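Participant: Got final26.tsv for you, TSV, N, CA and C atoms:
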chain	number	residue	atom	x	y	z
A	1	MET	N	15.71	26.86	-42.26
A	1	MET	CA	15.49	26.56	-40.85
A	1	MET	C	14.88	27.79	-40.18
A	2	THR	N	13.82	27.60	-39.44
A	2	THR	CA	13.21	28.69	-38.69
A	2	THR	C	13.14	28.31	-37.23
A	3	TYR	N	12.99	29.29	-36.38
A	3	TYR	CA	12.96	29.05	-34.94
A	3	TYR	C	11.72	28.26	-34.58
A	4	ALA	N	11.93	27.16	-33.88
A	4	ALA	CA	10.83	26.27	-33.53
A	4	ALA	C	10.17	26.65	-32.22
A	5	GLY	N	10.68	27.70	-31.59
A	5	GLY	CA	10.12	28.09	-30.30
A	5	GLY	C	10.70	27.27	-29.18
A	6	GLY	N	10.07	27.33	-28.06
A	6	GLY	CA	10.57	26.60	-26.90
A	6	GLY	C	11.58	27.42	-26.14
A	7	PRO	N	12.00	26.90	-25.01
A	7	PRO	CA	12.94	27.64	-24.17
A	7	PRO	C	14.23	27.99	-24.90
A	8	MET	N	14.69	29.19	-24.67
A	8	MET	CA	15.97	29.63	-25.24
A	8	MET	C	17.08	29.36	-24.24
A	9	THR	N	18.28	29.23	-24.77
A	9	THR	CA	19.43	29.18	-23.87
A	9	THR	C	19.61	30.59	-23.30
A	10	GLU	N	20.31	30.67	-22.19
A	10	GLU	CA	20.59	31.96	-21.59
A	10	GLU	C	21.38	32.85	-22.55
A	11	ALA	N	22.32	32.24	-23.27
A	11	ALA	CA	23.12	33.00	-24.24
A	11	ALA	C	22.23	33.57	-25.34
A	12	MET	N	21.32	32.77	-25.88
A	12	MET	CA	20.41	33.26	-26.93
A	12	MET	C	19.59	34.45	-26.42
A	13	TYR	N	19.03	34.29	-25.24
A	13	TYR	CA	18.17	35.33	-24.67
A	13	TYR	C	18.93	36.64	-24.53
A	14	TYR	N	20.10	36.59	-23.94
A	14	TYR	CA	20.85	37.82	-23.71
A	14	TYR	C	21.43	38.40	-25.00
A	15	ILE	N	21.78	37.57	-25.95
A	15	ILE	CA	22.26	38.09	-27.23
A	15	ILE	C	21.12	38.81	-27.94
A	16	LEU	N	19.93	38.24	-27.94
A	16	LEU	CA	18.79	38.93	-28.55
A	16	LEU	C	18.48	40.23	-27.84
A	17	LEU	N	18.52	40.22	-26.50
A	17	LEU	CA	18.31	41.47	-25.76
A	17	LEU	C	19.34	42.52	-26.17
A	18	ALA	N	20.59	42.10	-26.24
A	18	ALA	CA	21.67	43.03	-26.60
A	18	ALA	C	21.50	43.55	-28.02
A	19	LEU	N	20.97	42.71	-28.91
A	19	LEU	CA	20.84	43.10	-30.31
A	19	LEU	C	19.59	43.94	-30.60
A	20	LEU	N	18.86	44.31	-29.58
A	20	LEU	CA	17.77	45.26	-29.81
A	20	LEU	C	18.36	46.56	-30.34
A	21	THR	N	19.64	46.77	-30.03
A	21	THR	CA	20.43	47.83	-30.66
A	21	THR	C	21.49	47.12	-31.50
A	22	PRO	N	21.48	47.30	-32.82
A	22	PRO	CA	22.43	46.58	-33.67
A	22	PRO	C	23.87	46.71	-33.17
A	23	SER	N	24.62	45.61	-33.30
A	23	SER	CA	25.96	45.57	-32.75
A	23	SER	C	26.81	44.56	-33.50
A	24	HIS	N	28.13	44.65	-33.29
A	24	HIS	CA	29.08	43.69	-33.85
A	24	HIS	C	29.65	42.83	-32.73
A	25	GLY	N	30.37	41.80	-33.10
A	25	GLY	CA	30.84	40.77	-32.18
A	25	GLY	C	31.44	41.21	-30.87
A	26	TYR	N	32.57	41.92	-30.90
A	26	TYR	CA	33.25	42.28	-29.67
A	26	TYR	C	32.36	43.15	-28.79
A	27	HIS	N	31.73	44.13	-29.38
A	27	HIS	CA	30.84	45.01	-28.62
A	27	HIS	C	29.67	44.21	-28.06
A	28	LEU	N	29.21	43.24	-28.81
A	28	LEU	CA	28.10	42.39	-28.38
A	28	LEU	C	28.47	41.59	-27.13
A	29	MET	N	29.68	41.07	-27.09
A	29	MET	CA	30.12	40.34	-25.89
A	29	MET	C	30.10	41.25	-24.67
A	30	GLN	N	30.53	42.49	-24.83
A	30	GLN	CA	30.52	43.45	-23.73
A	30	GLN	C	29.09	43.80	-23.31
A	31	THR	N	28.21	43.98	-24.30
A	31	THR	CA	26.83	44.35	-24.02
A	31	THR	C	26.10	43.23	-23.30
A	32	VAL	N	26.34	41.98	-23.69
A	32	VAL	CA	25.71	40.84	-23.01
A	32	VAL	C	26.12	40.83	-21.54
A	33	GLU	N	27.39	41.05	-21.27
A	33	GLU	CA	27.85	41.09	-19.88
A	33	GLU	C	27.18	42.23	-19.11
A	34	GLU	N	27.05	43.37	-19.77
A	34	GLU	CA	26.41	44.53	-19.15
A	34	GLU	C	24.92	44.29	-18.89
A	35	VAL	N	24.20	43.81	-19.92
A	35	VAL	CA	22.76	43.58	-19.80
A	35	VAL	C	22.46	42.51	-18.75
A	36	SER	N	23.34	41.52	-18.62
A	36	SER	CA	23.13	40.45	-17.64
A	36	SER	C	23.70	40.82	-16.27
A	37	ARG	N	24.14	42.04	-16.13
A	37	ARG	CA	24.72	42.55	-14.89
A	37	ARG	C	25.90	41.70	-14.41
A	38	GLY	N	26.68	41.27	-15.39
A	38	GLY	CA	27.90	40.52	-15.09
A	38	GLY	C	27.69	39.03	-14.86
A	39	ARG	N	26.46	38.56	-14.91
A	39	ARG	CA	26.19	37.14	-14.67
A	39	ARG	C	26.61	36.27	-15.84
A	40	LEU	N	26.59	36.81	-17.04
A	40	LEU	CA	26.90	36.01	-18.22
A	40	LEU	C	28.03	36.66	-19.01
A	41	ARG	N	29.10	35.91	-19.14
A	41	ARG	CA	30.21	36.32	-20.00
A	41	ARG	C	30.33	35.26	-21.08
A	42	ILE	N	30.23	35.70	-22.32
A	42	ILE	CA	30.35	34.73	-23.40
A	42	ILE	C	31.61	35.00	-24.20
A	43	GLY	N	32.24	33.93	-24.59
A	43	GLY	CA	33.44	34.03	-25.40
A	43	GLY	C	33.09	34.00	-26.88
A	44	PRO	N	34.09	34.24	-27.72
A	44	PRO	CA	33.85	34.28	-29.15
A	44	PRO	C	33.26	32.99	-29.72
A	45	GLY	N	33.71	31.83	-29.24
A	45	GLY	CA	33.20	30.57	-29.76
A	45	GLY	C	31.70	30.42	-29.53
A	46	THR	N	31.28	30.70	-28.30
A	46	THR	CA	29.86	30.63	-27.97
A	46	THR	C	29.08	31.68	-28.75
A	47	LEU	N	29.59	32.90	-28.76
A	47	LEU	CA	28.90	33.99	-29.44
A	47	LEU	C	28.65	33.67	-30.90
A	48	TYR	N	29.70	33.30	-31.62
A	48	TYR	CA	29.54	33.08	-33.06
A	48	TYR	C	28.75	31.81	-33.37
A	49	GLY	N	28.80	30.83	-32.49
A	49	GLY	CA	27.96	29.65	-32.65
A	49	GLY	C	26.48	30.01	-32.53
A	50	VAL	N	26.16	30.82	-31.52
A	50	VAL	CA	24.76	31.25	-31.32
A	50	VAL	C	24.33	32.19	-32.45
A	51	LEU	N	25.18	33.10	-32.85
A	51	LEU	CA	24.83	34.01	-33.95
A	51	LEU	C	24.53	33.23	-35.23
A	52	THR	N	25.36	32.23	-35.53
A	52	THR	CA	25.14	31.41	-36.72
A	52	THR	C	23.79	30.71	-36.65
A	53	ARG	N	23.48	30.15	-35.50
A	53	ARG	CA	22.19	29.47	-35.33
A	53	ARG	C	21.03	30.44	-35.49
A	54	MET	N	21.14	31.61	-34.87
A	54	MET	CA	20.04	32.58	-34.93
A	54	MET	C	19.88	33.16	-36.33
A	55	LEU	N	20.97	33.28	-37.08
A	55	LEU	CA	20.88	33.71	-38.48
A	55	LEU	C	20.08	32.69	-39.29
A	56	LYS	N	20.40	31.40	-39.11
A	56	LYS	CA	19.71	30.33	-39.82
A	56	LYS	C	18.23	30.28	-39.46
A	57	GLU	N	17.92	30.60	-38.20
A	57	GLU	CA	16.54	30.54	-37.72
A	57	GLU	C	15.76	31.82	-38.03
A	58	GLY	N	16.42	32.81	-38.61
A	58	GLY	CA	15.73	34.04	-38.98
A	58	GLY	C	15.46	34.98	-37.82
A	59	LEU	N	16.16	34.78	-36.69
A	59	LEU	CA	15.95	35.65	-35.53
A	59	LEU	C	16.75	36.94	-35.63
A	60	ILE	N	17.84	36.90	-36.37
A	60	ILE	CA	18.70	38.07	-36.56
A	60	ILE	C	19.10	38.15	-38.03
A	61	VAL	N	19.61	39.32	-38.42
A	61	VAL	CA	20.15	39.53	-39.76
A	61	VAL	C	21.45	40.32	-39.64
A	62	VAL	N	22.27	40.21	-40.69
A	62	VAL	CA	23.46	41.06	-40.79
A	62	VAL	C	23.00	42.34	-41.47
A	63	VAL	N	23.18	43.47	-40.79
A	63	VAL	CA	22.76	44.75	-41.36
A	63	VAL	C	23.92	45.52	-41.98
A	64	GLU	N	25.15	45.09	-41.65
A	64	GLU	CA	26.33	45.73	-42.24
A	64	GLU	C	27.48	44.75	-42.19
A	65	ASP	N	28.24	44.68	-43.27
A	65	ASP	CA	29.41	43.82	-43.34
A	65	ASP	C	30.48	44.58	-44.11
A	66	ASP	N	31.45	45.12	-43.37
A	66	ASP	CA	32.50	45.91	-44.02
A	66	ASP	C	33.71	45.05	-44.39
A	67	GLY	N	33.55	43.74	-44.30
A	67	GLY	CA	34.65	42.84	-44.61
A	67	GLY	C	35.49	42.50	-43.40
A	68	ARG	N	35.52	43.40	-42.43
A	68	ARG	CA	36.29	43.19	-41.21
A	68	ARG	C	35.40	42.71	-40.08
A	69	ARG	N	34.21	43.27	-40.02
A	69	ARG	CA	33.26	42.86	-38.98
A	69	ARG	C	31.83	43.01	-39.49
A	70	LYS	N	30.96	42.20	-38.88
A	70	LYS	CA	29.55	42.22	-39.24
A	70	LYS	C	28.75	42.84	-38.10
A	71	THR	N	27.75	43.61	-38.47
A	71	THR	CA	26.84	44.18	-37.49
A	71	THR	C	25.51	43.44	-37.63
A	72	TYR	N	25.01	42.97	-36.50
A	72	TYR	CA	23.79	42.17	-36.46
A	72	TYR	C	22.65	42.96	-35.82
A	73	ALA	N	21.42	42.59	-36.19
A	73	ALA	CA	20.22	43.20	-35.60
A	73	ALA	C	19.13	42.14	-35.50
A	74	VAL	N	18.21	42.35	-34.58
A	74	VAL	CA	17.07	41.46	-34.39
A	74	VAL	C	16.04	41.68	-35.50
A	75	THR	N	15.49	40.59	-36.01
A	75	THR	CA	14.41	40.67	-37.00
A	75	THR	C	13.07	40.75	-36.25
A	76	PRO	N	11.98	41.07	-36.94
A	76	PRO	CA	10.67	41.02	-36.28
A	76	PRO	C	10.39	39.65	-35.67
A	77	ALA	N	10.77	38.58	-36.35
A	77	ALA	CA	10.57	37.23	-35.81
A	77	ALA	C	11.42	37.03	-34.55
A	78	GLY	N	12.62	37.61	-34.54
A	78	GLY	CA	13.48	37.51	-33.37
A	78	GLY	C	12.91	38.26	-32.19
A	79	ARG	N	12.35	39.42	-32.46
A	79	ARG	CA	11.73	40.20	-31.38
A	79	ARG	C	10.52	39.45	-30.81
A	80	GLU	N	9.74	38.86	-31.69
A	80	GLU	CA	8.57	38.08	-31.25
A	80	GLU	C	9.02	36.90	-30.38
A	81	ALA	N	10.07	36.20	-30.81
A	81	ALA	CA	10.59	35.07	-30.03
A	81	ALA	C	11.12	35.54	-28.68
A	82	LEU	N	11.79	36.68	-28.66
A	82	LEU	CA	12.32	37.25	-27.42
A	82	LEU	C	11.18	37.60	-26.47
A	83	GLU	N	10.14	38.22	-26.99
A	83	GLU	CA	8.99	38.58	-26.15
A	83	GLU	C	8.29	37.34	-25.62
A	84	GLU	N	8.20	36.30	-26.44
A	84	GLU	CA	7.59	35.04	-26.00
A	84	GLU	C	8.42	34.42	-24.87
A	85	GLU	N	9.75	34.45	-25.03
A	85	GLU	CA	10.62	33.90	-23.99
A	85	GLU	C	10.51	34.73	-22.71
A	86	TYR	N	10.40	36.04	-22.84
A	86	TYR	CA	10.24	36.90	-21.66
A	86	TYR	C	8.95	36.53	-20.91
A	87	ARG	N	7.87	36.31	-21.66
A	87	ARG	CA	6.60	35.91	-21.01
A	87	ARG	C	6.76	34.56	-20.31
A	88	ARG	N	7.48	33.63	-20.95
A	88	ARG	CA	7.70	32.32	-20.34
A	88	ARG	C	8.50	32.45	-19.05
A	89	LEU	N	9.55	33.25	-19.08
A	89	LEU	CA	10.39	33.43	-17.89
A	89	LEU	C	9.62	34.15	-16.77
A	90	THR	N	8.81	35.12	-17.14
A	90	THR	CA	8.00	35.84	-16.16
A	90	THR	C	7.03	34.88	-15.47
A	91	ALA	N	6.41	33.99	-16.26
A	91	ALA	CA	5.49	33.01	-15.69
A	91	ALA	C	6.23	32.09	-14.71
A	92	LEU	N	7.46	31.70	-15.06
A	92	LEU	CA	8.25	30.86	-14.16
A	92	LEU	C	8.48	31.55	-12.82
A	93	VAL	N	8.84	32.82	-12.88
A	93	VAL	CA	9.08	33.57	-11.65
A	93	VAL	C	7.79	33.72	-10.85
A	94	GLU	N	6.70	34.03	-11.53
A	94	GLU	CA	5.42	34.17	-10.83
A	94	GLU	C	5.02	32.85	-10.18
A	95	ASP	N	5.22	31.75	-10.89
A	95	ASP	CA	4.90	30.44	-10.31
A	95	ASP	C	5.79	30.12	-9.13
A	96	GLY	N	6.99	30.63	-9.15
A	96	GLY	CA	7.93	30.39	-8.05
A	96	GLY	C	7.60	31.16	-6.80
A	97	ALA	N	6.63	32.06	-6.85
A	97	ALA	CA	6.22	32.83	-5.66
A	97	ALA	C	5.77	31.90	-4.54
A	98	ILE	N	5.43	30.68	-4.89
A	98	ILE	CA	5.04	29.69	-3.88
A	98	ILE	C	6.14	29.50	-2.84
A	99	LEU	N	7.38	29.72	-3.23
A	99	LEU	CA	8.49	29.59	-2.29
A	99	LEU	C	8.40	30.60	-1.15
A	100	LYS	N	7.90	31.79	-1.45
A	100	LYS	CA	7.76	32.83	-0.44
A	100	LYS	C	6.47	32.66	0.35
A	101	GLU	N	5.43	32.19	-0.34
A	101	GLU	CA	4.10	32.13	0.27
A	101	GLU	C	3.83	30.84	1.01
A	102	GLY	N	4.59	29.80	0.73
A	102	GLY	CA	4.32	28.49	1.33
A	102	GLY	C	3.61	27.62	0.32
A	103	THR	N	2.92	26.62	0.78
A	103	THR	CA	2.23	25.70	-0.12
A	103	THR	C	1.03	26.36	-0.75
A	104	PRO	N	0.65	25.88	-1.97
A	104	PRO	CA	-0.49	26.51	-2.68
A	104	PRO	C	-1.81	26.21	-2.02
For this file, produce the structure as structure tokens.
Facilitator:
Amino acid sequence: MTYAGGPMTEAMYYILLALLTPSHGYHLMQTVEEVSRGRLRIGPGTLYGVLTRMLKEGLIVVVEDDGRRKTYAVTPAGREALEEEYRRLTALVEDGAILKEGTP
């Protein structure tokens, strides 16, 4: 299974952002909250569900597994998907400027 593209969930987006620096589960939950400025808090169920999906899609890899915890990192394909999603979100915000300017 590989990533088919398209809009990411908010959890996927922030987990990939957080994993630009390799991390393990508990620390990753804290980093997501920090990177999202407190807007997104994810629990273990959501986190590990998203991590499993992203592993299958080749967006992330396990870079260390000491038996107690796994450390994850973004793959080149994951970084490319993250950058594509960033461009998509930026375009949405730019298109939304109509709200400030009035009608097109």
Participant: So that I can check the surroundings of region 51-61 of chain A, please list as a tab-separated table (two decimals) with N, CA and C atoms, keeping the file's coordinate frame every protein, DNA and RNA residue that reaches within 6.5 Å of it, counting all atoms listed in the file and ignoring chain neighbours fewer than 6 positions away.
Facilitator:
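Now in result.tsv:
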chain	number	residue	atom	x	y	z
A	1	MET	N	15.71	26.86	-42.26
A	1	MET	CA	15.49	26.56	-40.85
A	1	MET	C	14.88	27.79	-40.18
A	2	THR	N	13.82	27.60	-39.44
A	2	THR	CA	13.21	28.69	-38.69
A	2	THR	C	13.14	28.31	-37.23
A	3	TYR	N	12.99	29.29	-36.38
A	3	TYR	CA	12.96	29.05	-34.94
A	3	TYR	C	11.72	28.26	-34.58
A	71	THR	N	27.75	43.61	-38.47
A	71	THR	CA	26.84	44.18	-37.49
A	71	THR	C	25.51	43.44	-37.63
A	72	TYR	N	25.01	42.97	-36.50
A	72	TYR	CA	23.79	42.17	-36.46
A	72	TYR	C	22.65	42.96	-35.82
A	73	ALA	N	21.42	42.59	-36.19
A	73	ALA	CA	20.22	43.20	-35.60
A	73	ALA	C	19.13	42.14	-35.50
A	74	VAL	N	18.21	42.35	-34.58
A	74	VAL	CA	17.07	41.46	-34.39
A	74	VAL	C	16.04	41.68	-35.50
A	75	THR	N	15.49	40.59	-36.01
A	75	THR	CA	14.41	40.67	-37.00
A	75	THR	C	13.07	40.75	-36.25
A	76	PRO	N	11.98	41.07	-36.94
A	76	PRO	CA	10.67	41.02	-36.28
A	76	PRO	C	10.39	39.65	-35.67
A	77	ALA	N	10.77	38.58	-36.35
A	77	ALA	CA	10.57	37.23	-35.81
A	77	ALA	C	11.42	37.03	-34.55
A	78	GLY	N	12.62	37.61	-34.54
A	78	GLY	CA	13.48	37.51	-33.37
A	78	GLY	C	12.91	38.26	-32.19
A	79	ARG	N	12.35	39.42	-32.46
A	79	ARG	CA	11.73	40.20	-31.38
A	79	ARG	C	10.52	39.45	-30.81
Participant: Do you have the CA of Met29 (chain A)-CA of Gly49 (chain A) distance handy?
Facilitator: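 Separation of CA of Met29 (chain A) and CA of Gly49 (chain A): 12.8 Å.
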Participant: Could you tell me which of A:Pro22, A:Tyr48, A:Ala4, A:Glu10 comes closest to Val63 (chain A) if we count only N, CA and C atoms?
Facilitator: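 Residue with the minimum atom-to-atom distance to Val63 (chain A): A:Pro22.
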Participant: Select from chain A everything DSSP, run on the backbone, classes as helix (DSSP H, G or I), then give the selection as JSON, numbers by chain.
Facilitator: {"A": [10, 11, 12, 13, 14, 15, 16, 17, 18, 25, 26, 27, 28, 29, 30, 31, 32, 33, 34, 35, 44, 45, 46, 47, 48, 49, 50, 51, 52, 53, 54, 55, 56, 76, 77, 78, 79, 80, 81, 82, 83, 84, 85, 86, 87, 88, 89, 90, 91, 92, 93, 94, 95, 98, 99, 100, 101]}
Participant: In Å, with one decimal, what is the gap from atom N of Tyr13 (chain A) to atom C of Lys100 (chain A)?
Facilitator: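 Atom C of Lys100 (chain A) lies at a distance of 28.6 Å from atom N of Tyr13 (chain A).
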Participant: Just checking: using only C-alpha atoms, which residue out of A:Asp66, A:Pro7, A:Arg37, A:Met12 ends up closest to His24 (chain A)?
Facilitator: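 Among the listed residues, the smallest separation from His24 (chain A) belongs to A:Asp66.
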Participant: Can you check which residues of chain A DSSP gives as strand (DSSP E or B) on the backbone and send them as a list in words?
Facilitator: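 The strand (DSSP E or B) subset of chain A is Ser23, His24, Ile60, Val61, Val62, Val63, Glu64, Asp65, Lys70, Thr71, Tyr72, Ala73 and Val74 of chain A.
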Participant: When you draw a straight line from atom C of Arg41 (chain A) to atom C of Glu80 (chain A), how long is it in Å?
Facilitator: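 Those two atoms sit 23.3 Å apart.
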Participant: Can you pull chain A out of that block with C-alpha atoms and hand it back as an mmCIF file, in the first residue's frame?
Facilitator:
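Done, and the output landed in selection07.cif:
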data_model
loop_
_atom_site.group_PDB
_atom_site.id
_atom_site.type_symbol
_atom_site.label_atom_id
_atom_site.label_comp_id
_atom_site.auth_asym_id
_atom_site.auth_seq_id
_atom_site.Cartn_x
_atom_site.Cartn_y
_atom_site.Cartn_z
ATOM 1 C CA MET A 1 0.000 0.000 0.000
ATOM 2 C CA THR A 2 1.349 3.420 -0.926
ATOM 3 C CA TYR A 3 0.013 6.883 -0.242
ATOM 4 C CA ALA A 4 -2.569 7.783 -2.848
ATOM 5 C CA GLY A 5 -2.308 11.497 -2.206
ATOM 6 C CA GLY A 6 -5.243 13.735 -1.591
ATOM 7 C CA PRO A 7 -6.101 15.695 1.512
ATOM 8 C CA MET A 8 -4.545 14.488 4.746
ATOM 9 C CA THR A 9 -6.307 14.355 8.045
ATOM 10 C CA GLU A 10 -5.191 16.975 10.532
ATOM 11 C CA ALA A 11 -3.637 14.217 12.652
ATOM 12 C CA MET A 12 -1.601 12.894 9.691
ATOM 13 C CA TYR A 13 -0.362 16.365 8.813
ATOM 14 C CA TYR A 14 0.780 17.223 12.322
ATOM 15 C CA ILE A 15 2.303 13.804 12.968
ATOM 16 C CA LEU A 16 4.383 14.134 9.791
ATOM 17 C CA LEU A 17 5.413 17.658 10.799
ATOM 18 C CA ALA A 18 6.415 16.388 14.238
ATOM 19 C CA LEU A 19 8.346 13.475 12.722
ATOM 20 C CA LEU A 20 10.646 15.742 10.744
ATOM 21 C CA THR A 21 12.679 15.071 13.880
ATOM 22 C CA PRO A 22 12.535 11.325 14.662
ATOM 23 C CA SER A 23 10.480 10.564 17.749
ATOM 24 C CA HIS A 24 8.676 7.867 19.736
ATOM 25 C CA GLY A 25 5.015 7.641 20.707
ATOM 26 C CA TYR A 26 4.655 9.570 23.963
ATOM 27 C CA HIS A 27 7.056 12.298 22.891
ATOM 28 C CA LEU A 28 5.284 12.447 19.543
ATOM 29 C CA MET A 29 1.937 13.169 21.219
ATOM 30 C CA GLN A 30 3.554 16.063 23.093
ATOM 31 C CA THR A 31 5.263 17.378 19.956
ATOM 32 C CA VAL A 32 2.015 17.323 17.951
ATOM 33 C CA GLU A 33 0.346 19.414 20.649
ATOM 34 C CA GLU A 34 3.300 21.808 20.654
ATOM 35 C CA VAL A 35 3.566 22.115 16.842
ATOM 36 C CA SER A 36 -0.201 22.693 16.571
ATOM 37 C CA ARG A 37 0.016 25.324 19.319
ATOM 38 C CA GLY A 38 -2.335 23.332 21.499
ATOM 39 C CA ARG A 39 -5.077 23.009 18.879
ATOM 40 C CA LEU A 40 -4.592 19.274 18.398
ATOM 41 C CA ARG A 41 -4.236 16.743 21.169
ATOM 42 C CA ILE A 42 -4.089 13.163 20.042
ATOM 43 C CA GLY A 43 -4.460 10.135 22.227
ATOM 44 C CA PRO A 44 -2.620 6.840 21.905
ATOM 45 C CA GLY A 45 -5.409 5.153 19.911
ATOM 46 C CA THR A 46 -5.450 7.849 17.247
ATOM 47 C CA LEU A 47 -1.664 8.143 17.202
ATOM 48 C CA TYR A 48 -0.947 4.457 16.726
ATOM 49 C CA GLY A 49 -3.753 4.067 14.191
ATOM 50 C CA VAL A 50 -2.286 6.886 12.088
ATOM 51 C CA LEU A 51 1.279 5.610 12.533
ATOM 52 C CA THR A 52 0.228 2.139 11.352
ATOM 53 C CA ARG A 53 -1.449 3.614 8.285
ATOM 54 C CA MET A 54 1.521 5.836 7.454
ATOM 55 C CA LEU A 55 3.937 2.903 7.860
ATOM 56 C CA LYS A 56 1.876 0.878 5.361
ATOM 57 C CA GLU A 57 1.788 3.831 2.964
ATOM 58 C CA GLY A 58 5.559 4.318 3.153
ATOM 59 C CA LEU A 59 5.333 7.826 4.618
ATOM 60 C CA ILE A 60 7.299 6.908 7.741
ATOM 61 C CA VAL A 61 9.698 4.191 8.904
ATOM 62 C CA VAL A 62 10.772 2.764 12.239
ATOM 63 C CA VAL A 63 14.377 3.881 12.736
ATOM 64 C CA GLU A 64 14.845 2.283 16.156
ATOM 65 C CA ASP A 65 13.032 -0.412 18.101
ATOM 66 C CA ASP A 66 14.479 -1.254 21.502
ATOM 67 C CA GLY A 67 11.626 -3.630 22.307
ATOM 68 C CA ARG A 68 10.031 -1.108 24.647
ATOM 69 C CA ARG A 69 9.388 1.715 22.219
ATOM 70 C CA LYS A 70 9.755 2.498 18.543
ATOM 71 C CA THR A 71 11.244 5.649 17.088
ATOM 72 C CA TYR A 72 9.689 6.818 13.828
ATOM 73 C CA ALA A 73 10.969 9.139 11.088
ATOM 74 C CA VAL A 74 9.591 10.599 7.857
ATOM 75 C CA THR A 75 10.670 8.938 4.600
ATOM 76 C CA PRO A 76 11.461 10.946 1.444
ATOM 77 C CA ALA A 77 7.991 9.975 0.165
ATOM 78 C CA GLY A 78 6.498 11.218 3.438
ATOM 79 C CA ARG A 79 8.293 14.528 3.157
ATOM 80 C CA GLU A 80 7.087 14.912 -0.426
ATOM 81 C CA ALA A 81 3.495 14.163 0.656
ATOM 82 C CA LEU A 82 3.815 16.655 3.523
ATOM 83 C CA GLU A 83 5.110 19.364 1.192
ATOM 84 C CA GLU A 84 2.282 18.651 -1.261
ATOM 85 C CA GLU A 85 -0.267 18.956 1.553
ATOM 86 C CA TYR A 86 1.349 22.210 2.701
ATOM 87 C CA ARG A 87 0.983 23.625 -0.834
ATOM 88 C CA ARG A 88 -2.661 22.510 -0.902
ATOM 89 C CA LEU A 89 -3.397 24.141 2.454
ATOM 90 C CA THR A 90 -1.584 27.327 1.442
ATOM 91 C CA ALA A 91 -3.704 27.530 -1.721
ATOM 92 C CA LEU A 92 -6.856 27.130 0.392
ATOM 93 C CA VAL A 93 -5.827 30.027 2.606
ATOM 94 C CA GLU A 94 -4.892 32.187 -0.383
ATOM 95 C CA ASP A 95 -8.234 31.427 -2.017
ATOM 96 C CA GLY A 96 -9.964 32.353 1.221
ATOM 97 C CA ALA A 97 -8.573 35.897 0.980
ATOM 98 C CA ILE A 98 -11.839 36.668 -0.801
ATOM 99 C CA LEU A 99 -13.400 36.850 2.668
ATOM 100 C CA LYS A 100 -11.279 39.905 3.483
ATOM 101 C CA GLU A 101 -11.415 41.484 0.035
ATOM 102 C CA GLY A 102 -15.084 40.972 -0.771
ATOM 103 C CA THR A 103 -16.388 39.380 -3.939
ATOM 104 C CA PRO A 104 -13.935 38.377 -6.694
#
